[in-house]
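Here is the structure we will look at, set down as structure tokens.
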Amino acid sequence: MSDELRRIVAIDDPYLLLREVTTRLADAQQEVTELARLRRRVVQDLHAQGLSYAQIAAKAGLSRGRIHQIRHTGPAPEGAFLGRGSVTVATPLRRDDERGRTVVAVDDVSSGKRLEELARSYGLDVISEHVPVTGAIDLDRDGLVVVCGPRMSQEMWDTYAQDPVLAWERAEDGPWTVVDRKAGLVHRSGQDSAPARSYDVGYLGRLPRPDGQGTLLAIAGIHTQGSLGVVQLLTNDLNTLWGQVGDQRFSTLVGVEYDPDTSEPLSAELLCPLYRHDEETSV
């Protein structure tokens, strides 16, 4: 019996005992899920290196059937791209100056809900919250996925500024753009171009937290359609993204063609490589 279990068993207050047991069960379930994810990842990695299931089984002291079962069941390793155990999906609130009230953009709601569904499909617990109109948000937390551009939050502005390759900048004629410093390219939304077209640019990156104790996943579009396109890319290609960058810091841009009537993405494709920040320097 572990020390933690002994502590819980020794609680006399039945209501406190109930709370403690419930909390511990939730924590234990998260641990079981993440251990199963890690175990499957190890088997997949060894198999990808050329080892047969029989060889892996022999070295691990398990049966071949058990190794095969681990490889094909349980939570998929790529779910760790979003977080481990529990993730918090934050989407922005906006100020409607005409009506003097706080509102949410439909596209932001869609992005948040689809991210939550994606996380749950990988066995992750999900908490949803909003970035207030002030932009103030605590970024020093594990498992944070923030759908918010730099214009709406000083905290996010400072976070995006840590990217050594991609930078948010205003064009001389006013609209926001994203500059790929390495490629020497300026990416602009179709809404801000002449002639205008149903095209936007989305940003996806894993960036350092202010406290330096971890990272967060940042998603933003020049307009809201860009964020929707990033979420579609994650939904369709999470395994590929995980295979390329794992849980390391990176950033990339996504070109999004969308339906002008519904804002729904028609296509979402990478506009640049997945820049791994440990391999890049400020340029």
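Lettering and numbering for the structure tokens are positional, with chains as A, B, ... in the shown order, residues counted from 1 in each chain, and ligands counted from 1 in the shown order.
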For this session: Write down as a ChimeraX atom specification the residues of region 129-246 of chain A whose backbone DSSP state falls under strand (DSSP E or B).
Result: /A:129-131,144-147,166-170,176-180,185-188,199-208,215-221
Suppose we keep N, CA and C atoms; can you now write the selection as a CSV table (one decimal), in the first residue's frame?
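Once everything was written out, this is selection04.csv:
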```csv
chain,number,residue,atom,x,y,z
A,129,GLU,N,-12.1,27.4,-21.3
A,129,GLU,CA,-12.2,28.7,-20.7
A,129,GLU,C,-12.0,29.8,-21.8
A,130,HIS,N,-12.2,31.0,-21.4
A,130,HIS,CA,-12.1,32.1,-22.3
A,130,HIS,C,-10.9,33.0,-21.9
A,131,VAL,N,-10.3,33.6,-22.9
A,131,VAL,CA,-9.4,34.7,-22.7
A,131,VAL,C,-10.3,36.0,-22.6
A,144,LEU,N,-1.9,23.7,-21.8
A,144,LEU,CA,-2.7,24.8,-22.3
A,144,LEU,C,-2.7,24.9,-23.8
A,145,VAL,N,-3.9,25.0,-24.4
A,145,VAL,CA,-4.0,25.2,-25.9
A,145,VAL,C,-4.8,26.6,-26.0
A,146,VAL,N,-4.1,27.6,-26.6
A,146,VAL,CA,-4.7,28.9,-26.6
A,146,VAL,C,-5.0,29.3,-28.1
A,147,VAL,N,-6.3,29.5,-28.4
A,147,VAL,CA,-6.7,30.0,-29.7
A,147,VAL,C,-6.9,31.6,-29.5
A,166,LEU,N,9.0,33.0,-37.1
A,166,LEU,CA,7.8,33.6,-37.6
A,166,LEU,C,7.4,34.8,-36.7
A,167,ALA,N,7.1,35.9,-37.4
A,167,ALA,CA,6.7,37.2,-36.6
A,167,ALA,C,5.5,37.8,-37.1
A,168,TRP,N,4.6,38.3,-36.2
A,168,TRP,CA,3.4,39.0,-36.6
A,168,TRP,C,3.8,40.5,-36.7
A,169,GLU,N,3.5,41.0,-37.9
A,169,GLU,CA,3.8,42.4,-38.2
A,169,GLU,C,2.7,43.1,-39.0
A,170,ARG,N,2.5,44.4,-38.8
A,170,ARG,CA,1.6,45.2,-39.6
A,170,ARG,C,2.2,45.6,-40.9
A,176,TRP,N,-2.6,43.1,-40.7
A,176,TRP,CA,-1.7,42.3,-40.1
A,176,TRP,C,-1.2,41.2,-41.0
A,177,THR,N,0.1,40.9,-40.9
A,177,THR,CA,0.7,39.8,-41.7
A,177,THR,C,1.5,38.9,-40.8
A,178,VAL,N,2.0,37.8,-41.3
A,178,VAL,CA,3.0,37.0,-40.6
A,178,VAL,C,4.2,36.8,-41.5
A,179,VAL,N,5.3,37.2,-41.0
A,179,VAL,CA,6.6,37.2,-41.7
A,179,VAL,C,7.4,36.0,-41.4
A,180,ASP,N,7.8,35.3,-42.5
A,180,ASP,CA,8.7,34.1,-42.3
A,180,ASP,C,10.1,34.7,-42.5
A,185,LEU,N,9.6,35.7,-46.6
A,185,LEU,CA,8.3,35.9,-47.2
A,185,LEU,C,7.4,36.5,-46.2
A,186,VAL,N,6.4,37.3,-46.8
A,186,VAL,CA,5.4,37.9,-46.0
A,186,VAL,C,4.1,37.3,-46.4
A,187,HIS,N,3.4,36.7,-45.4
A,187,HIS,CA,2.1,36.0,-45.6
A,187,HIS,C,1.0,36.9,-45.2
A,188,ARG,N,0.0,37.1,-46.2
A,188,ARG,CA,-1.1,38.1,-46.0
A,188,ARG,C,-2.4,37.4,-46.3
A,199,TYR,N,-9.4,33.4,-48.5
A,199,TYR,CA,-8.1,32.8,-48.1
A,199,TYR,C,-7.6,33.4,-46.9
A,200,ASP,N,-7.1,32.6,-45.9
A,200,ASP,CA,-6.5,33.2,-44.7
A,200,ASP,C,-5.3,32.4,-44.4
A,201,VAL,N,-4.5,32.9,-43.4
A,201,VAL,CA,-3.3,32.3,-42.9
A,201,VAL,C,-3.4,32.0,-41.4
A,202,GLY,N,-3.1,30.8,-41.0
A,202,GLY,CA,-3.1,30.4,-39.6
A,202,GLY,C,-1.8,30.1,-39.1
A,203,TYR,N,-1.6,30.3,-37.8
A,203,TYR,CA,-0.3,30.1,-37.1
A,203,TYR,C,-0.5,28.9,-36.2
A,204,LEU,N,0.4,28.0,-36.1
A,204,LEU,CA,0.4,26.9,-35.1
A,204,LEU,C,1.8,26.8,-34.6
A,205,GLY,N,1.9,26.8,-33.2
A,205,GLY,CA,3.3,26.7,-32.6
A,205,GLY,C,3.2,26.2,-31.2
A,206,ARG,N,4.3,25.6,-30.8
A,206,ARG,CA,4.5,25.3,-29.4
A,206,ARG,C,5.5,26.2,-28.8
A,207,LEU,N,5.1,27.1,-27.9
A,207,LEU,CA,6.0,28.2,-27.5
A,207,LEU,C,6.2,28.1,-26.0
A,208,PRO,N,7.3,28.7,-25.5
A,208,PRO,CA,7.7,28.7,-24.1
A,208,PRO,C,6.7,29.5,-23.2
A,215,THR,N,5.7,24.5,-21.9
A,215,THR,CA,5.3,25.2,-23.2
A,215,THR,C,3.8,25.2,-23.2
A,216,LEU,N,3.3,25.9,-24.2
A,216,LEU,CA,1.8,25.9,-24.5
A,216,LEU,C,1.7,25.8,-26.0
A,217,LEU,N,0.5,25.4,-26.4
A,217,LEU,CA,0.2,25.3,-27.9
A,217,LEU,C,-0.6,26.5,-28.3
A,218,ALA,N,-0.1,27.3,-29.2
A,218,ALA,CA,-0.7,28.6,-29.6
A,218,ALA,C,-1.2,28.4,-31.1
A,219,ILE,N,-2.5,28.9,-31.2
A,219,ILE,CA,-3.2,28.8,-32.5
A,219,ILE,C,-3.8,30.2,-32.8
A,220,ALA,N,-3.6,30.7,-34.0
A,220,ALA,CA,-4.2,32.0,-34.3
A,220,ALA,C,-4.3,32.1,-35.8
A,221,GLY,N,-5.2,32.9,-36.3
A,221,GLY,CA,-5.3,33.2,-37.7
A,221,GLY,C,-5.2,34.7,-37.9
```
Problem set entry | Polymer residues at most 7 Å from Arg94 (chain A), only C-alpha atoms, same-chain spacing of 5 or more positions, as a list in words |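 Here the qualifying residues turn out to be Thr102, Val103, Val104 and Val133 of chain A.
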For this session: For Phe81 (chain A), list every protein, DNA or RNA residue within 10 Å, evaluated using only C-alpha atoms, and leave out those in the same chain fewer than 6 positions away; present the list as a PyMOL selection string.
Result: chain A and resi 119+143+206+217+234+238-239+241-243+245-248
For the selection you just gave me, I'd like the residues written to a file as a compact mmCIF listing (two decimals), in the first residue's frame, keeping N, CA and C atoms.
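And here is the file that came out, selection-v8.txt:
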```txt
# COMPACT_ATOMS: atom_id res chain seq x y z
N ALA A 119 -9.22 16.42 -28.56
CA ALA A 119 -8.51 16.00 -27.34
C ALA A 119 -9.20 14.81 -26.67
N GLY A 143 -0.59 21.79 -20.15
CA GLY A 143 -1.67 21.37 -21.02
C GLY A 143 -2.52 22.49 -21.56
N ARG A 206 4.27 25.60 -30.77
CA ARG A 206 4.45 25.26 -29.36
C ARG A 206 5.54 26.20 -28.84
N LEU A 217 0.52 25.38 -26.44
CA LEU A 217 0.21 25.29 -27.86
C LEU A 217 -0.57 26.54 -28.25
N LEU A 234 -4.90 19.94 -37.70
CA LEU A 234 -4.63 19.10 -36.54
C LEU A 234 -5.51 17.86 -36.56
N LEU A 238 -2.70 14.98 -37.28
CA LEU A 238 -2.01 15.04 -35.99
C LEU A 238 -0.88 14.02 -35.91
N ASN A 239 -1.08 12.84 -36.44
CA ASN A 239 -0.05 11.81 -36.39
C ASN A 239 1.21 12.25 -37.11
N LEU A 241 2.17 15.42 -37.73
CA LEU A 241 2.78 16.51 -36.98
C LEU A 241 3.55 15.98 -35.78
N TRP A 242 2.93 15.04 -35.06
CA TRP A 242 3.60 14.44 -33.91
C TRP A 242 4.89 13.75 -34.32
N GLY A 243 4.84 13.05 -35.45
CA GLY A 243 6.02 12.34 -35.91
C GLY A 243 7.17 13.27 -36.25
N VAL A 245 7.61 16.67 -34.96
CA VAL A 245 8.09 17.57 -33.90
C VAL A 245 7.87 17.04 -32.49
N GLY A 246 7.08 15.97 -32.33
CA GLY A 246 6.84 15.43 -30.99
C GLY A 246 6.30 16.51 -30.06
N ASP A 247 6.92 16.61 -28.89
CA ASP A 247 6.50 17.63 -27.93
C ASP A 247 7.52 18.77 -27.82
N GLN A 248 8.34 18.92 -28.88
CA GLN A 248 9.35 19.97 -28.90
C GLN A 248 8.76 21.30 -29.37
```
Problem set entry | Å distance separating CA of Ile127 (chain A) from CA of Cys148 (chain A), one decimal place |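 That distance, rounded to one decimal, is 16.3 Å.
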Exercise. Counting only C-alpha atoms, which of A:Ile70, A:Leu17, A:Leu46, A:Ile222 gets nearest to Pro175 (chain A)?
Worked result: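 Of A:Ile70, A:Leu17, A:Leu46, A:Ile222, the one nearest Pro175 (chain A), counting only C-alpha atoms, is A:Ile222.
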Problem set entry | Near-Lys113 (chain A) list (12 Å; only C-alpha atoms; drop same-chain fewer than 6 positions) as an NGL selection string | :A and (88-91 or 106-107 or 119-120 or 126-129 or 147 or 228 or 231-232)
Preceding selection exported with N, CA, C and O atoms as an mmCIF file, in the first residue's frame:
```cif
data_model
loop_
_atom_site.group_PDB
_atom_site.id
_atom_site.type_symbol
_atom_site.label_atom_id
_atom_site.label_comp_id
_atom_site.auth_asym_id
_atom_site.auth_seq_id
_atom_site.Cartn_x
_atom_site.Cartn_y
_atom_site.Cartn_z
ATOM 1 N N THR A 88 -6.395 22.290 -21.307
ATOM 2 C CA THR A 88 -7.298 23.428 -21.189
ATOM 3 C C THR A 88 -7.305 24.171 -22.507
ATOM 4 O O THR A 88 -6.243 24.591 -22.989
ATOM 5 N N VAL A 89 -8.481 24.299 -23.117
ATOM 6 C CA VAL A 89 -8.630 24.994 -24.395
ATOM 7 C C VAL A 89 -9.208 26.377 -24.117
ATOM 8 O O VAL A 89 -10.320 26.507 -23.597
ATOM 9 N N ALA A 90 -8.443 27.412 -24.445
ATOM 10 C CA ALA A 90 -8.867 28.787 -24.190
ATOM 11 C C ALA A 90 -9.137 29.497 -25.511
ATOM 12 O O ALA A 90 -8.297 29.479 -26.414
ATOM 13 N N THR A 91 -10.303 30.109 -25.637
ATOM 14 C CA THR A 91 -10.678 30.891 -26.812
ATOM 15 C C THR A 91 -11.048 32.304 -26.370
ATOM 16 O O THR A 91 -11.469 32.511 -25.222
ATOM 17 N N VAL A 106 -18.337 33.246 -33.739
ATOM 18 C CA VAL A 106 -18.786 31.890 -34.072
ATOM 19 C C VAL A 106 -17.604 31.003 -34.461
ATOM 20 O O VAL A 106 -17.520 29.841 -34.041
ATOM 21 N N ASP A 107 -16.675 31.551 -35.231
ATOM 22 C CA ASP A 107 -15.525 30.755 -35.658
ATOM 23 C C ASP A 107 -14.656 30.351 -34.472
ATOM 24 O O ASP A 107 -14.113 29.239 -34.434
ATOM 25 N N ALA A 119 -9.223 16.416 -28.557
ATOM 26 C CA ALA A 119 -8.506 15.998 -27.343
ATOM 27 C C ALA A 119 -9.198 14.815 -26.675
ATOM 28 O O ALA A 119 -8.542 13.856 -26.244
ATOM 29 N N ARG A 120 -10.522 14.868 -26.580
ATOM 30 C CA ARG A 120 -11.263 13.766 -25.950
ATOM 31 C C ARG A 120 -11.104 12.467 -26.739
ATOM 32 O O ARG A 120 -11.095 11.386 -26.162
ATOM 33 N N VAL A 126 -10.688 17.405 -20.684
ATOM 34 C CA VAL A 126 -10.699 18.733 -21.294
ATOM 35 C C VAL A 126 -11.398 19.744 -20.395
ATOM 36 O O VAL A 126 -12.470 19.480 -19.850
ATOM 37 N N ILE A 127 -10.766 20.894 -20.239
ATOM 38 C CA ILE A 127 -11.355 22.049 -19.567
ATOM 39 C C ILE A 127 -11.409 23.179 -20.589
ATOM 40 O O ILE A 127 -10.454 23.390 -21.343
ATOM 41 N N SER A 128 -12.524 23.895 -20.642
ATOM 42 C CA SER A 128 -12.639 25.029 -21.568
ATOM 43 C C SER A 128 -12.725 26.321 -20.774
ATOM 44 O O SER A 128 -13.286 26.366 -19.680
ATOM 45 N N GLU A 129 -12.134 27.372 -21.332
ATOM 46 C CA GLU A 129 -12.201 28.687 -20.704
ATOM 47 C C GLU A 129 -12.048 29.759 -21.782
ATOM 48 O O GLU A 129 -11.790 29.457 -22.948
ATOM 49 N N VAL A 147 -6.267 29.550 -28.353
ATOM 50 C CA VAL A 147 -6.663 30.047 -29.671
ATOM 51 C C VAL A 147 -6.853 31.551 -29.532
ATOM 52 O O VAL A 147 -7.923 32.038 -29.170
ATOM 53 N N LEU A 228 -9.597 28.254 -37.738
ATOM 54 C CA LEU A 228 -10.385 27.073 -38.117
ATOM 55 C C LEU A 228 -9.587 26.140 -39.010
ATOM 56 O O LEU A 228 -9.665 24.920 -38.884
ATOM 57 N N VAL A 231 -7.094 24.121 -36.959
ATOM 58 C CA VAL A 231 -7.765 23.022 -36.249
ATOM 59 C C VAL A 231 -8.077 21.877 -37.205
ATOM 60 O O VAL A 231 -7.940 20.704 -36.843
ATOM 61 N N GLN A 232 -8.463 22.201 -38.432
ATOM 62 C CA GLN A 232 -8.724 21.138 -39.412
ATOM 63 C C GLN A 232 -7.446 20.364 -39.707
ATOM 64 O O GLN A 232 -7.464 19.127 -39.816
#
```
For this session: Check the DSSP output for the backbone and give back, as a ChimeraX atom specification, the residues of region 47-281 of chain A in alpha helix (DSSP H).
Result: /A:47-48,53-60,64-72,106-121,154-160,224-245
Exercise. Any idea what's packed within 8 Å of region 268-278 of chain A, counting only C-alpha atoms, ignoring anything in its chain fewer than 5 positions away? Could you give it as a ChimeraX atom specification?
Worked result: /A:163-165,229-230,232-233,244-245,248-257
Those residues you just picked out, can you put them in a file as a compact mmCIF listing (two decimals), in the first residue's frame with all heavy atoms?
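The file below, out-v4.txt, is the result:
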```txt
# COMPACT_ATOMS: atom_id res chain seq x y z
N ASP A 163 9.06 33.47 -30.78
CA ASP A 163 9.28 32.64 -31.98
C ASP A 163 10.50 33.18 -32.73
O ASP A 163 10.53 34.35 -33.12
CB ASP A 163 8.04 32.71 -32.88
CG ASP A 163 8.09 31.68 -34.00
OD1 ASP A 163 9.15 31.51 -34.61
OD2 ASP A 163 7.04 31.07 -34.28
N PRO A 164 11.52 32.35 -32.96
CA PRO A 164 12.73 32.83 -33.64
C PRO A 164 12.61 32.95 -35.16
O PRO A 164 13.51 33.48 -35.80
CB PRO A 164 13.77 31.77 -33.27
CG PRO A 164 12.96 30.52 -33.11
CD PRO A 164 11.65 30.95 -32.51
N VAL A 165 11.49 32.46 -35.74
CA VAL A 165 11.38 32.43 -37.19
C VAL A 165 10.19 33.22 -37.72
O VAL A 165 10.31 33.99 -38.67
CB VAL A 165 11.29 30.96 -37.71
CG1 VAL A 165 11.29 30.94 -39.24
CG2 VAL A 165 12.42 30.12 -37.17
N GLY A 229 -8.80 26.72 -39.91
CA GLY A 229 -7.99 25.89 -40.80
C GLY A 229 -6.90 25.14 -40.05
O GLY A 229 -6.61 23.98 -40.35
N VAL A 230 -6.29 25.78 -39.04
CA VAL A 230 -5.29 25.11 -38.23
C VAL A 230 -5.90 23.92 -37.51
O VAL A 230 -5.32 22.83 -37.46
CB VAL A 230 -4.66 26.09 -37.22
CG1 VAL A 230 -3.78 25.33 -36.22
CG2 VAL A 230 -3.84 27.15 -37.94
N GLN A 232 -8.46 22.20 -38.43
CA GLN A 232 -8.72 21.14 -39.41
C GLN A 232 -7.45 20.36 -39.71
O GLN A 232 -7.46 19.13 -39.82
CB GLN A 232 -9.28 21.71 -40.71
CG GLN A 232 -9.47 20.65 -41.79
CD GLN A 232 -10.28 21.14 -42.97
OE1 GLN A 232 -11.47 21.44 -42.84
NE2 GLN A 232 -9.65 21.23 -44.13
N LEU A 233 -6.33 21.08 -39.84
CA LEU A 233 -5.05 20.41 -40.09
C LEU A 233 -4.70 19.48 -38.93
O LEU A 233 -4.26 18.35 -39.15
CB LEU A 233 -3.94 21.45 -40.28
CG LEU A 233 -2.57 20.87 -40.61
CD1 LEU A 233 -2.51 20.45 -42.08
CD2 LEU A 233 -1.47 21.88 -40.32
N GLN A 244 6.86 14.50 -36.64
CA GLN A 244 7.91 15.44 -37.05
C GLN A 244 8.47 16.27 -35.89
O GLN A 244 9.66 16.57 -35.86
CB GLN A 244 7.38 16.38 -38.14
CG GLN A 244 7.09 15.67 -39.45
CD GLN A 244 6.77 16.65 -40.56
OE1 GLN A 244 7.42 17.67 -40.74
NE2 GLN A 244 5.74 16.35 -41.33
N VAL A 245 7.61 16.67 -34.96
CA VAL A 245 8.09 17.57 -33.90
C VAL A 245 7.87 17.04 -32.49
O VAL A 245 8.40 17.60 -31.53
CB VAL A 245 7.47 18.97 -34.03
CG1 VAL A 245 7.86 19.61 -35.34
CG2 VAL A 245 5.95 18.91 -33.90
N GLN A 248 8.34 18.92 -28.88
CA GLN A 248 9.35 19.97 -28.90
C GLN A 248 8.76 21.30 -29.37
O GLN A 248 7.70 21.36 -29.98
CB GLN A 248 10.51 19.57 -29.82
CG GLN A 248 11.19 18.28 -29.41
CD GLN A 248 11.74 18.34 -28.00
OE1 GLN A 248 12.55 19.22 -27.69
NE2 GLN A 248 11.31 17.42 -27.14
N ARG A 249 9.48 22.39 -29.11
CA ARG A 249 9.03 23.71 -29.55
C ARG A 249 9.18 23.83 -31.06
O ARG A 249 10.19 23.43 -31.64
CB ARG A 249 9.84 24.81 -28.85
CG ARG A 249 9.48 24.97 -27.38
CD ARG A 249 10.21 26.15 -26.77
NE ARG A 249 11.64 25.94 -26.74
CZ ARG A 249 12.55 26.90 -26.49
NH1 ARG A 249 12.14 28.13 -26.25
NH2 ARG A 249 13.83 26.62 -26.46
N PHE A 250 8.17 24.42 -31.69
CA PHE A 250 8.17 24.57 -33.14
C PHE A 250 7.14 25.63 -33.51
O PHE A 250 6.36 26.10 -32.68
CB PHE A 250 7.78 23.25 -33.82
CG PHE A 250 6.30 22.99 -33.78
CD1 PHE A 250 5.50 23.33 -34.89
CD2 PHE A 250 5.68 22.49 -32.66
CE1 PHE A 250 4.12 23.13 -34.84
CE2 PHE A 250 4.30 22.30 -32.60
CZ PHE A 250 3.53 22.62 -33.70
N SER A 251 7.12 25.98 -34.80
CA SER A 251 6.04 26.81 -35.34
C SER A 251 5.94 26.60 -36.84
O SER A 251 6.90 26.19 -37.50
CB SER A 251 6.25 28.30 -35.02
OG SER A 251 7.48 28.76 -35.54
N THR A 252 4.75 26.86 -37.36
CA THR A 252 4.52 26.74 -38.79
C THR A 252 3.32 27.60 -39.18
O THR A 252 2.63 28.14 -38.31
CB THR A 252 4.29 25.27 -39.19
OG1 THR A 252 4.35 25.14 -40.62
CG2 THR A 252 2.93 24.77 -38.70
N LEU A 253 3.10 27.74 -40.48
CA LEU A 253 1.97 28.50 -40.99
C LEU A 253 1.11 27.62 -41.87
O LEU A 253 1.61 26.71 -42.55
CB LEU A 253 2.44 29.71 -41.79
CG LEU A 253 3.21 30.78 -41.01
CD1 LEU A 253 3.69 31.88 -41.95
CD2 LEU A 253 2.35 31.36 -39.89
N VAL A 254 -0.18 27.89 -41.87
CA VAL A 254 -1.15 27.09 -42.62
C VAL A 254 -1.94 28.01 -43.55
O VAL A 254 -2.48 29.03 -43.12
CB VAL A 254 -2.13 26.38 -41.66
CG1 VAL A 254 -3.14 25.54 -42.44
CG2 VAL A 254 -1.36 25.52 -40.65
N GLY A 255 -1.98 27.66 -44.84
CA GLY A 255 -2.79 28.38 -45.80
C GLY A 255 -4.18 27.76 -45.86
O GLY A 255 -4.31 26.54 -45.99
N VAL A 256 -5.20 28.58 -45.74
CA VAL A 256 -6.57 28.08 -45.60
C VAL A 256 -7.48 28.68 -46.68
O VAL A 256 -7.67 29.90 -46.73
CB VAL A 256 -7.15 28.43 -44.21
CG1 VAL A 256 -8.52 27.79 -44.04
CG2 VAL A 256 -6.20 28.00 -43.10
N GLU A 257 -8.00 27.83 -47.53
CA GLU A 257 -9.07 28.23 -48.45
C GLU A 257 -10.39 27.89 -47.77
O GLU A 257 -10.54 26.78 -47.23
CB GLU A 257 -8.96 27.46 -49.77
CG GLU A 257 -7.66 27.67 -50.54
CD GLU A 257 -7.62 28.98 -51.31
OE1 GLU A 257 -8.66 29.67 -51.35
OE2 GLU A 257 -6.54 29.30 -51.86
```
